[in-house]
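Peer 1: There's a structure below that I have some questions on.
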Number of protein chains: 4
Amino acid sequence: MKTIPYRRKINYYETDRMNIVHHSNYARYLEESRMDFMRQVGISYDDLEEKGIVIPVLELHDQYIKSLTFGDEIEIQISLIKLTAVRFKMKYEIINIATGEVVHKAETAHCFVEPGLVPLNLKKHFPEVYEVFEKYLEPEEN
Amino acid sequence: MKTIPYRRKINYYETDRMNIVHHSNYARYLEESRMDFMRQVGISYDDLEEKGIVIPVLELHDQYIKSLTFGDEIEIQISLIKLTAVRFKMKYEIINIATGEVVHKAETAHCFVEPGLVPLNLKKHFPEVYEVFEKYLEPEEN
Amino acid sequence: MKTIPYRRKINYYETDRMNIVHHSNYARYLEESRMDFMRQVGISYDDLEEKGIVIPVLELHDQYIKSLTFGDEIEIQISLIKLTAVRFKMKYEIINIATGEVVHKAETAHCFVEPGLVPLNLKKHFPEVYEVFEKYLEPEEN
Amino acid sequence: MKTIPYRRKINYYETDRMNIVHHSNYARYLEESRMDFMRQVGISYDDLEEKGIVIPVLELHDQYIKSLTFGDEIEIQISLIKLTAVRFKMKYEIINIATGEVVHKAETAHCFVEPGLVPLNLKKHFPEVYEVFEKYLEPEEN
């Protein structure tokens with residue numbers, strides 16, 4: 001199953017003196033789209049944290065293809081490409097809406113932990129949450 | 001009593017496309033100097049949080065006099081100008097070290113709370129911490 | 001004339017370990033609503049910068065009334081309360097949409113400058129832009 | 001040749017409500033250490049920008065091994081692992097000074113461009129800068 005792409009404007013304070021979005025902000029855009037994904041699939045991240053499920057980032061891979069600046073609007077296509085009982089991986093493409101171009105590609109890897117960063121087997125302890133993730137899994141072909 | 005001014009360099013990612021430090025970063029520089037002040041006077045902020053003393057910001061007043069950019073180095077002079085059992089106020093001057101000019105003036109107001117943001121009478125419950133603050137109080141003349 | 005209040009969600013990365021929005025982010029929310037105001041009144045800030053009109057912040061005053069955290073949604077009511085040929089002042093109220101409460105009050109003061117931070121008389125050099133601002137001026141009573 | 005590792009403290013505003021440094025800040029720590037590296041080798045980044053050499057990020061790979069929080073102090077070991085006339089790659093290890101543990105590993109890829117993001121052959125147009133980079137190149141064994 002697919003979610004609706006996440007949209008947002010680029011803020012002035014996200015640019016740097018090179019007149020482009022500072023590269024550290026992409027991790028934030030990805031997080032916004034990930035949180036939006038969870039809201040859309042019915043397991044909003046603040047609800048998960050209340051249940052005691054915390055989802056830190058293990059790995060981040062950003063490819064900066066074209067720059068963005070203040071005034072641009074973007075759309076982020078996100079998909080869940082890997083899922084195990086204790087980990088998952090998401091893939092992202094950021095599109096500059098005005099040009100239709102993919103300006104950024106990224107992947108993030110995550111694990112499930114309890115508060116205090118103790119590893120958590122989601123499939124075992126929260127099967128109902130695991131099943132939601134599973135419905136949205138779209139493994140890559142190659 | 002006086003503390004040693006806090007020094008730091010301006011980071012690239014703190015500039016915006018106007019080629020100056022984005023104004024939202026000053027609140028962060030002030031916080032850094034406040035945390036440094038606490039370290040210097042012997043009540044480091046992470047120790048306070050461990051004791052259950054949390055210090056949110058109630059008010060912030062920034063005056064942007066001259067701009068800063070990447071490559072600049074600053075010094076922040078900080079002083080405690082007001083103290084009650086439940087609140088305090090700090091005053092700041094940011095100096096561009098290369099020119100000696102005051103580029104920014106600021107004040108912040110704070111209260112003491114317990115985790116969960118419950119108001120806390122510091123003087124009553126942590127007199128030893130209150131006394132440290134008191135030693136550094138420098139009320140303004142006028 | 002009035003503009004439509006600006007709305008946005010609180011992002012996870014805007015919280016700090018006190019579990020509330022870090023106070024430095026409010027300056028960013030205010031900027032977002034200011035940029036949105038300009039878009040609404042027909043003088044979007046990127047257009048202004050292209051004409052050579054830059055609008056730095058001279059002063060910022062924040063009053064933190066109630067805290068916000070991830071999952072909250074806010075609405076920002078903004079008004080232009082002062083305008084001269086070379087300067088202006090804006091006033092803001094941030095409302096937590098779920099509770100209807102005003103959680104933050106702020107004011108910012110700005111000047112008009114050319115690129116390179118040279119002062120600019122907007123009324124004289126860009127009367128058509130000045131007039132737009134003027135239409136939205138709502139001086140405070142007291 | 002080796003440079004002296006970059007050191008800094010973790011700021012309060014860099015933590016999030018998980019009580020750890022928000023993952024987007026690591027890109028900023030890496031940038032700080034990269035700028036420090038350039039200062040140490042004698043080609044400070046603000047000087048480069050003045051000459052018309054701009055160095056955007058093409059790729060970023062972060063591995064989050066252990067978390068950091070407010071109060072921690074880190075040391076960043078950086079090395080230049082690849083260099084061509086138009087591109088280079090840097091590698092980073094972040095160490096928690098108190099424990100001696102490597103808490104983060106990263107790599108960034110960059111290109112040289114002129115202002116306006118036009119590709120630049122550094123070796124041809126700025127051989128004296130290229131040679132400095134070359135002296136610090138430490139290709140990886142495998």
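To be explicit about the labels: the chains of the structure tokens are called A, B, and onward in the order shown, and within each one the residues are counted from 1, while ligands get numbers from 1 in the order they are shown.
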Show me which bits of chain B are within 12 Å of chain C, counting only C-alpha atoms, as a count of residues only.
Peer 2: 50
Peer 1: Could you pull out the strand (DSSP E) residues of range 22-133 of chain D, going by DSSP on the backbone, and write them as a PDB file with N, CA and C atoms, in the first residue's frame?
Peer 2:
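And here's part-v3.pdb as it stands now:
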```pdb
ATOM      1  N   VAL D  57      28.052  19.643  -0.444  1.00  0.00           N
ATOM      2  CA  VAL D  57      28.029  18.228  -0.073  1.00  0.00           C
ATOM      3  C   VAL D  57      27.256  17.462  -1.140  1.00  0.00           C
ATOM      4  N   LEU D  58      27.833  16.403  -1.655  1.00  0.00           N
ATOM      5  CA  LEU D  58      27.145  15.566  -2.651  1.00  0.00           C
ATOM      6  C   LEU D  58      26.504  14.348  -2.007  1.00  0.00           C
ATOM      7  N   GLU D  59      27.170  13.876  -0.967  1.00  0.00           N
ATOM      8  CA  GLU D  59      26.707  12.652  -0.335  1.00  0.00           C
ATOM      9  C   GLU D  59      27.075  12.659   1.137  1.00  0.00           C
ATOM     10  N   LEU D  60      26.226  12.039   1.938  1.00  0.00           N
ATOM     11  CA  LEU D  60      26.473  11.954   3.382  1.00  0.00           C
ATOM     12  C   LEU D  60      26.049  10.566   3.821  1.00  0.00           C
ATOM     13  N   HIS D  61      26.914   9.903   4.578  1.00  0.00           N
ATOM     14  CA  HIS D  61      26.560   8.602   5.121  1.00  0.00           C
ATOM     15  C   HIS D  61      26.885   8.602   6.606  1.00  0.00           C
ATOM     16  N   ASP D  62      25.840   8.455   7.422  1.00  0.00           N
ATOM     17  CA  ASP D  62      25.987   8.461   8.882  1.00  0.00           C
ATOM     18  C   ASP D  62      25.678   7.092   9.459  1.00  0.00           C
ATOM     19  N   GLN D  63      26.521   6.636  10.373  1.00  0.00           N
ATOM     20  CA  GLN D  63      26.222   5.411  11.130  1.00  0.00           C
ATOM     21  C   GLN D  63      26.162   5.783  12.601  1.00  0.00           C
ATOM     22  N   TYR D  64      24.993   5.649  13.180  1.00  0.00           N
ATOM     23  CA  TYR D  64      24.774   6.043  14.575  1.00  0.00           C
ATOM     24  C   TYR D  64      25.024   4.818  15.451  1.00  0.00           C
ATOM     25  N   GLU D  73      31.236  15.249  25.874  1.00  0.00           N
ATOM     26  CA  GLU D  73      32.246  15.929  25.062  1.00  0.00           C
ATOM     27  C   GLU D  73      32.734  14.948  24.019  1.00  0.00           C
ATOM     28  N   ILE D  74      32.913  15.462  22.789  1.00  0.00           N
ATOM     29  CA  ILE D  74      33.334  14.581  21.696  1.00  0.00           C
ATOM     30  C   ILE D  74      34.624  15.071  21.035  1.00  0.00           C
ATOM     31  N   GLU D  75      35.250  14.113  20.368  1.00  0.00           N
ATOM     32  CA  GLU D  75      36.434  14.379  19.574  1.00  0.00           C
ATOM     33  C   GLU D  75      36.143  13.782  18.210  1.00  0.00           C
ATOM     34  N   ILE D  76      36.457  14.525  17.148  1.00  0.00           N
ATOM     35  CA  ILE D  76      36.195  14.017  15.805  1.00  0.00           C
ATOM     36  C   ILE D  76      37.507  13.844  15.051  1.00  0.00           C
ATOM     37  N   GLN D  77      37.750  12.606  14.630  1.00  0.00           N
ATOM     38  CA  GLN D  77      38.925  12.312  13.809  1.00  0.00           C
ATOM     39  C   GLN D  77      38.480  12.308  12.360  1.00  0.00           C
ATOM     40  N   ILE D  78      39.142  13.117  11.561  1.00  0.00           N
ATOM     41  CA  ILE D  78      38.721  13.315  10.183  1.00  0.00           C
ATOM     42  C   ILE D  78      39.886  12.985   9.260  1.00  0.00           C
ATOM     43  N   SER D  79      39.589  12.354   8.129  1.00  0.00           N
ATOM     44  CA  SER D  79      40.660  12.181   7.148  1.00  0.00           C
ATOM     45  C   SER D  79      40.122  12.284   5.730  1.00  0.00           C
ATOM     46  N   LEU D  80      40.994  12.747   4.845  1.00  0.00           N
ATOM     47  CA  LEU D  80      40.684  12.897   3.427  1.00  0.00           C
ATOM     48  C   LEU D  80      41.039  11.560   2.790  1.00  0.00           C
ATOM     49  N   ILE D  81      40.036  10.830   2.273  1.00  0.00           N
ATOM     50  CA  ILE D  81      40.319   9.476   1.786  1.00  0.00           C
ATOM     51  C   ILE D  81      40.275   9.358   0.268  1.00  0.00           C
ATOM     52  N   LYS D  82      39.889  10.427  -0.417  1.00  0.00           N
ATOM     53  CA  LYS D  82      39.828  10.371  -1.876  1.00  0.00           C
ATOM     54  C   LYS D  82      39.928  11.792  -2.408  1.00  0.00           C
ATOM     55  N   LEU D  83      40.628  11.975  -3.523  1.00  0.00           N
ATOM     56  CA  LEU D  83      40.778  13.314  -4.102  1.00  0.00           C
ATOM     57  C   LEU D  83      40.963  13.204  -5.610  1.00  0.00           C
ATOM     58  N   ARG D  87      36.588  16.510  -7.214  1.00  0.00           N
ATOM     59  CA  ARG D  87      35.827  15.938  -6.101  1.00  0.00           C
ATOM     60  C   ARG D  87      36.734  15.456  -4.981  1.00  0.00           C
ATOM     61  N   PHE D  88      36.146  15.249  -3.805  1.00  0.00           N
ATOM     62  CA  PHE D  88      36.896  14.576  -2.738  1.00  0.00           C
ATOM     63  C   PHE D  88      35.934  13.924  -1.750  1.00  0.00           C
ATOM     64  N   LYS D  89      36.512  13.115  -0.877  1.00  0.00           N
ATOM     65  CA  LYS D  89      35.737  12.350   0.100  1.00  0.00           C
ATOM     66  C   LYS D  89      36.425  12.431   1.455  1.00  0.00           C
ATOM     67  N   MET D  90      35.639  12.612   2.508  1.00  0.00           N
ATOM     68  CA  MET D  90      36.208  12.653   3.843  1.00  0.00           C
ATOM     69  C   MET D  90      35.562  11.564   4.704  1.00  0.00           C
ATOM     70  N   LYS D  91      36.326  11.111   5.689  1.00  0.00           N
ATOM     71  CA  LYS D  91      35.864  10.065   6.594  1.00  0.00           C
ATOM     72  C   LYS D  91      35.984  10.576   8.027  1.00  0.00           C
ATOM     73  N   TYR D  92      35.064  10.187   8.872  1.00  0.00           N
ATOM     74  CA  TYR D  92      34.996  10.743  10.222  1.00  0.00           C
ATOM     75  C   TYR D  92      34.737   9.646  11.250  1.00  0.00           C
ATOM     76  N   GLU D  93      35.335   9.804  12.411  1.00  0.00           N
ATOM     77  CA  GLU D  93      34.950   8.996  13.573  1.00  0.00           C
ATOM     78  C   GLU D  93      34.744   9.935  14.745  1.00  0.00           C
ATOM     79  N   ILE D  94      33.593   9.798  15.379  1.00  0.00           N
ATOM     80  CA  ILE D  94      33.311  10.633  16.552  1.00  0.00           C
ATOM     81  C   ILE D  94      33.488   9.770  17.796  1.00  0.00           C
ATOM     82  N   ILE D  95      34.294  10.277  18.716  1.00  0.00           N
ATOM     83  CA  ILE D  95      34.584   9.550  19.952  1.00  0.00           C
ATOM     84  C   ILE D  95      33.989  10.292  21.143  1.00  0.00           C
ATOM     85  N   ASN D  96      33.315   9.562  22.006  1.00  0.00           N
ATOM     86  CA  ASN D  96      32.857  10.126  23.286  1.00  0.00           C
ATOM     87  C   ASN D  96      34.088  10.157  24.193  1.00  0.00           C
ATOM     88  N   VAL D 102      33.967   4.851  20.079  1.00  0.00           N
ATOM     89  CA  VAL D 102      33.534   5.435  18.812  1.00  0.00           C
ATOM     90  C   VAL D 102      32.006   5.383  18.804  1.00  0.00           C
ATOM     91  N   VAL D 103      31.377   6.544  18.781  1.00  0.00           N
ATOM     92  CA  VAL D 103      29.912   6.586  18.858  1.00  0.00           C
ATOM     93  C   VAL D 103      29.272   6.833  17.496  1.00  0.00           C
ATOM     94  N   HIS D 104      30.090   7.222  16.526  1.00  0.00           N
ATOM     95  CA  HIS D 104      29.549   7.581  15.210  1.00  0.00           C
ATOM     96  C   HIS D 104      30.630   7.431  14.149  1.00  0.00           C
ATOM     97  N   LYS D 105      30.230   6.910  12.986  1.00  0.00           N
ATOM     98  CA  LYS D 105      31.120   6.880  11.830  1.00  0.00           C
ATOM     99  C   LYS D 105      30.401   7.554  10.671  1.00  0.00           C
ATOM    100  N   ALA D 106      31.163   8.246   9.823  1.00  0.00           N
ATOM    101  CA  ALA D 106      30.515   8.938   8.711  1.00  0.00           C
ATOM    102  C   ALA D 106      31.467   9.131   7.554  1.00  0.00           C
ATOM    103  N   GLU D 107      30.889   9.359   6.390  1.00  0.00           N
ATOM    104  CA  GLU D 107      31.634   9.765   5.206  1.00  0.00           C
ATOM    105  C   GLU D 107      30.848  10.851   4.493  1.00  0.00           C
ATOM    106  N   THR D 108      31.572  11.819   3.926  1.00  0.00           N
ATOM    107  CA  THR D 108      30.913  12.821   3.077  1.00  0.00           C
ATOM    108  C   THR D 108      31.673  12.924   1.765  1.00  0.00           C
ATOM    109  N   ALA D 109      30.937  13.148   0.678  1.00  0.00           N
ATOM    110  CA  ALA D 109      31.539  13.369  -0.641  1.00  0.00           C
ATOM    111  C   ALA D 109      31.213  14.801  -1.057  1.00  0.00           C
ATOM    112  N   HIS D 110      32.171  15.454  -1.681  1.00  0.00           N
ATOM    113  CA  HIS D 110      32.034  16.862  -2.053  1.00  0.00           C
ATOM    114  C   HIS D 110      32.552  17.101  -3.451  1.00  0.00           C
ATOM    115  N   CYS D 111      32.118  18.187  -4.065  1.00  0.00           N
ATOM    116  CA  CYS D 111      32.738  18.637  -5.310  1.00  0.00           C
ATOM    117  C   CYS D 111      33.137  20.091  -5.135  1.00  0.00           C
ATOM    118  N   VAL D 113      32.890  23.825  -6.733  1.00  0.00           N
ATOM    119  CA  VAL D 113      32.095  24.606  -7.686  1.00  0.00           C
ATOM    120  C   VAL D 113      32.433  26.091  -7.532  1.00  0.00           C
ATOM    121  N   GLU D 114      32.074  26.858  -8.562  1.00  0.00           N
ATOM    122  CA  GLU D 114      32.135  28.313  -8.470  1.00  0.00           C
ATOM    123  C   GLU D 114      30.825  28.800  -7.859  1.00  0.00           C
ATOM    124  N   VAL D 118      28.480  26.295 -10.436  1.00  0.00           N
ATOM    125  CA  VAL D 118      29.118  25.838 -11.675  1.00  0.00           C
ATOM    126  C   VAL D 118      30.326  24.958 -11.323  1.00  0.00           C
ATOM    127  N   PRO D 119      30.423  23.738 -11.903  1.00  0.00           N
ATOM    128  CA  PRO D 119      31.542  22.844 -11.575  1.00  0.00           C
ATOM    129  C   PRO D 119      32.895  23.517 -11.809  1.00  0.00           C
TER     130      PRO D 119
END
```
Peer 1: From a DSSP pass on the backbone, collect the residues of range 29-113 of chain C flagged as alpha helix (DSSP H) and hand them back as an MDAnalysis selection string.
Peer 2: chainID C and resid 29:41 45:51
Peer 1: For the atom pair CA of Ile43 in chain B and CA of Pro127 in chain B, what is the interatomic distance in Å to one decimal place?
Peer 2: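 Distance between the two atoms: 12.6 Å.
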Peer 1: Could you jot down the CA of Lys135 in chain D to CA of Tyr45 in chain D separation for me, Å, one decimal place?
Peer 2: 17.1 Å
Peer 1: Which value, in Å to one decimal, gives the distance between CA of Tyr13 in chain B and CA of Ser33 in chain B?
Peer 2: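 Going from CA of Tyr13 in chain B over to CA of Ser33 in chain B, I get 19.1 Å.
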